[in-house]
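First comes the structure, then the notes that go with it.
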Amino acid sequence: SIVGENPTIINREPWTEHAECRKSGPDDGVWFPEKTNHRNRAGKNICDRCIVRAECLDYALTHKERAGIWGGLNTKERNAILALQRRAS
């Protein structure tokens with residue numbers, strides 16, 4: 001999972017206790033897909049039902065996570081948000 005057993009994130013971010021990806025298992029192909037829509041969609045489907053999706057996305061944007069599905073968005077989608085934020089400031 002994207003949150004998985006990463007002690008840095010789990011110990012620092014209380015929202016991770018409720019993350020759906022934590023329950024989904026360690027299939028890195030779902031969270032770090034190889035440019036395939038099928039695998040990309042699998043991770044996003046899990047995010048769609050996650051109650052801490054907004055917190056996860058905020059974490060990824062704040063920490064500029066460079067890979068994986070975070071908060072229901074892939075790297076390209078998060079980079080687009082970051083670019084918009086830079087232009088707005």
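Residues are referred to by chain and number: the chain letter is A, B, ... according to the order shown in the structure tokens, the number counts from 1 in that chain, and ligands are numbered separately from 1 in the order shown.
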Excluding segment 41-46 of chain A and its own-chain neighbours fewer than 5 positions away, which residues fall within 10 Å of it when counting only C-alpha atoms? Please give them as a ChimeraX atom specification. /A:1-2,19-21,23-24,27-33,36,53,68-74
Next, write the just-selected residues to a file, as a PDB file, in the first residue's frame, keeping N, CA, C and O atoms as the atom set.
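Output contents, as saved in again_10.pdb:
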ATOM      1  N   SER A   1       0.834  -1.190   0.000  1.00  0.00           N
ATOM      2  CA  SER A   1       0.000   0.000   0.000  1.00  0.00           C
ATOM      3  C   SER A   1       0.871   1.243   0.000  1.00  0.00           C
ATOM      4  O   SER A   1       2.054   1.184   0.321  1.00  0.00           O
ATOM      5  N   ILE A   2       0.286   2.357  -0.322  1.00  0.00           N
ATOM      6  CA  ILE A   2       1.038   3.604  -0.374  1.00  0.00           C
ATOM      7  C   ILE A   2       1.459   4.009   1.036  1.00  0.00           C
ATOM      8  O   ILE A   2       2.574   4.433   1.259  1.00  0.00           O
ATOM      9  N   ALA A  19      -6.583   4.993   6.653  1.00  0.00           N
ATOM     10  CA  ALA A  19      -6.389   4.934   5.202  1.00  0.00           C
ATOM     11  C   ALA A  19      -6.794   3.572   4.642  1.00  0.00           C
ATOM     12  O   ALA A  19      -6.382   2.536   5.143  1.00  0.00           O
ATOM     13  N   GLU A  20      -7.615   3.585   3.601  1.00  0.00           N
ATOM     14  CA  GLU A  20      -8.043   2.348   2.936  1.00  0.00           C
ATOM     15  C   GLU A  20      -6.864   1.567   2.387  1.00  0.00           C
ATOM     16  O   GLU A  20      -6.857   0.345   2.410  1.00  0.00           O
ATOM     17  N   CYS A  21      -5.867   2.265   1.886  1.00  0.00           N
ATOM     18  CA  CYS A  21      -4.718   1.571   1.290  1.00  0.00           C
ATOM     19  C   CYS A  21      -3.974   0.733   2.322  1.00  0.00           C
ATOM     20  O   CYS A  21      -3.352  -0.269   1.984  1.00  0.00           O
ATOM     21  N   LYS A  23      -5.302  -1.117   4.414  1.00  0.00           N
ATOM     22  CA  LYS A  23      -6.028  -2.386   4.517  1.00  0.00           C
ATOM     23  C   LYS A  23      -5.906  -3.218   3.248  1.00  0.00           C
ATOM     24  O   LYS A  23      -6.272  -4.380   3.237  1.00  0.00           O
ATOM     25  N   SER A  24      -5.434  -2.614   2.174  1.00  0.00           N
ATOM     26  CA  SER A  24      -5.494  -3.273   0.867  1.00  0.00           C
ATOM     27  C   SER A  24      -4.325  -4.196   0.562  1.00  0.00           C
ATOM     28  O   SER A  24      -4.357  -4.903  -0.425  1.00  0.00           O
ATOM     29  N   ASP A  27       0.445  -4.454  -2.569  1.00  0.00           N
ATOM     30  CA  ASP A  27       0.590  -4.548  -4.023  1.00  0.00           C
ATOM     31  C   ASP A  27       1.106  -3.224  -4.591  1.00  0.00           C
ATOM     32  O   ASP A  27       0.341  -2.336  -4.938  1.00  0.00           O
ATOM     33  N   ASP A  28       2.420  -3.108  -4.681  1.00  0.00           N
ATOM     34  CA  ASP A  28       3.012  -1.870  -5.188  1.00  0.00           C
ATOM     35  C   ASP A  28       2.605  -1.570  -6.622  1.00  0.00           C
ATOM     36  O   ASP A  28       2.648  -0.430  -7.053  1.00  0.00           O
ATOM     37  N   GLY A  29       2.206  -2.587  -7.378  1.00  0.00           N
ATOM     38  CA  GLY A  29       1.748  -2.373  -8.741  1.00  0.00           C
ATOM     39  C   GLY A  29       0.481  -1.534  -8.787  1.00  0.00           C
ATOM     40  O   GLY A  29       0.214  -0.858  -9.765  1.00  0.00           O
ATOM     41  N   VAL A  30      -0.303  -1.560  -7.719  1.00  0.00           N
ATOM     42  CA  VAL A  30      -1.519  -0.749  -7.630  1.00  0.00           C
ATOM     43  C   VAL A  30      -1.158   0.696  -7.311  1.00  0.00           C
ATOM     44  O   VAL A  30      -1.711   1.626  -7.874  1.00  0.00           O
ATOM     45  N   TRP A  31      -0.217   0.902  -6.415  1.00  0.00           N
ATOM     46  CA  TRP A  31       0.112   2.243  -5.924  1.00  0.00           C
ATOM     47  C   TRP A  31       1.201   2.924  -6.729  1.00  0.00           C
ATOM     48  O   TRP A  31       1.296   4.140  -6.751  1.00  0.00           O
ATOM     49  N   PHE A  32       2.034   2.138  -7.372  1.00  0.00           N
ATOM     50  CA  PHE A  32       3.093   2.675  -8.213  1.00  0.00           C
ATOM     51  C   PHE A  32       2.988   2.025  -9.587  1.00  0.00           C
ATOM     52  O   PHE A  32       3.833   1.231  -9.984  1.00  0.00           O
ATOM     53  N   PRO A  33       1.890   2.331 -10.312  1.00  0.00           N
ATOM     54  CA  PRO A  33       1.605   1.646 -11.583  1.00  0.00           C
ATOM     55  C   PRO A  33       2.596   2.012 -12.684  1.00  0.00           C
ATOM     56  O   PRO A  33       3.124   3.113 -12.723  1.00  0.00           O
ATOM     57  N   THR A  36      -0.067   2.225 -16.810  1.00  0.00           N
ATOM     58  CA  THR A  36      -1.192   1.492 -17.387  1.00  0.00           C
ATOM     59  C   THR A  36      -2.461   1.948 -16.685  1.00  0.00           C
ATOM     60  O   THR A  36      -2.515   2.003 -15.462  1.00  0.00           O
ATOM     61  N   ARG A  53      -9.000  10.569   2.205  1.00  0.00           N
ATOM     62  CA  ARG A  53      -8.456  10.880   0.881  1.00  0.00           C
ATOM     63  C   ARG A  53      -7.918  12.312   0.817  1.00  0.00           C
ATOM     64  O   ARG A  53      -6.836  12.557   0.281  1.00  0.00           O
ATOM     65  N   GLY A  68       3.601   7.444  -7.374  1.00  0.00           N
ATOM     66  CA  GLY A  68       2.490   6.704  -6.788  1.00  0.00           C
ATOM     67  C   GLY A  68       1.161   7.426  -6.815  1.00  0.00           C
ATOM     68  O   GLY A  68       1.058   8.585  -7.190  1.00  0.00           O
ATOM     69  N   ILE A  69       0.148   6.683  -6.409  1.00  0.00           N
ATOM     70  CA  ILE A  69      -1.208   7.210  -6.273  1.00  0.00           C
ATOM     71  C   ILE A  69      -1.350   7.704  -4.827  1.00  0.00           C
ATOM     72  O   ILE A  69      -1.158   6.943  -3.888  1.00  0.00           O
ATOM     73  N   TRP A  70      -1.665   8.961  -4.670  1.00  0.00           N
ATOM     74  CA  TRP A  70      -1.871   9.568  -3.345  1.00  0.00           C
ATOM     75  C   TRP A  70      -3.165  10.371  -3.406  1.00  0.00           C
ATOM     76  O   TRP A  70      -3.341  11.189  -4.305  1.00  0.00           O
ATOM     77  N   GLY A  71      -4.068  10.146  -2.472  1.00  0.00           N
ATOM     78  CA  GLY A  71      -5.304  10.907  -2.448  1.00  0.00           C
ATOM     79  C   GLY A  71      -6.118  10.775  -3.717  1.00  0.00           C
ATOM     80  O   GLY A  71      -6.864  11.667  -4.091  1.00  0.00           O
ATOM     81  N   GLY A  72      -5.965   9.666  -4.403  1.00  0.00           N
ATOM     82  CA  GLY A  72      -6.726   9.407  -5.615  1.00  0.00           C
ATOM     83  C   GLY A  72      -6.140  10.002  -6.884  1.00  0.00           C
ATOM     84  O   GLY A  72      -6.745   9.900  -7.937  1.00  0.00           O
ATOM     85  N   LEU A  73      -4.977  10.628  -6.788  1.00  0.00           N
ATOM     86  CA  LEU A  73      -4.360  11.237  -7.963  1.00  0.00           C
ATOM     87  C   LEU A  73      -2.988  10.628  -8.231  1.00  0.00           C
ATOM     88  O   LEU A  73      -2.250  10.318  -7.302  1.00  0.00           O
ATOM     89  N   ASN A  74      -2.660  10.519  -9.517  1.00  0.00           N
ATOM     90  CA  ASN A  74      -1.335  10.021  -9.869  1.00  0.00           C
ATOM     91  C   ASN A  74      -0.345  11.179  -9.909  1.00  0.00           C
ATOM     92  O   ASN A  74      -0.709  12.344  -9.695  1.00  0.00           O
TER      93      ASN A  74
END
Separation of atom CA of Val52 of chain A and atom CA of Glu77 of chain A, in Å? 18.3 Å
Given the choices A:Ala88, A:His18, A:Leu61, A:Ile81, which gets closest to Arg49 of chain A if the distance is worked out from only C-alpha atoms? A:His18
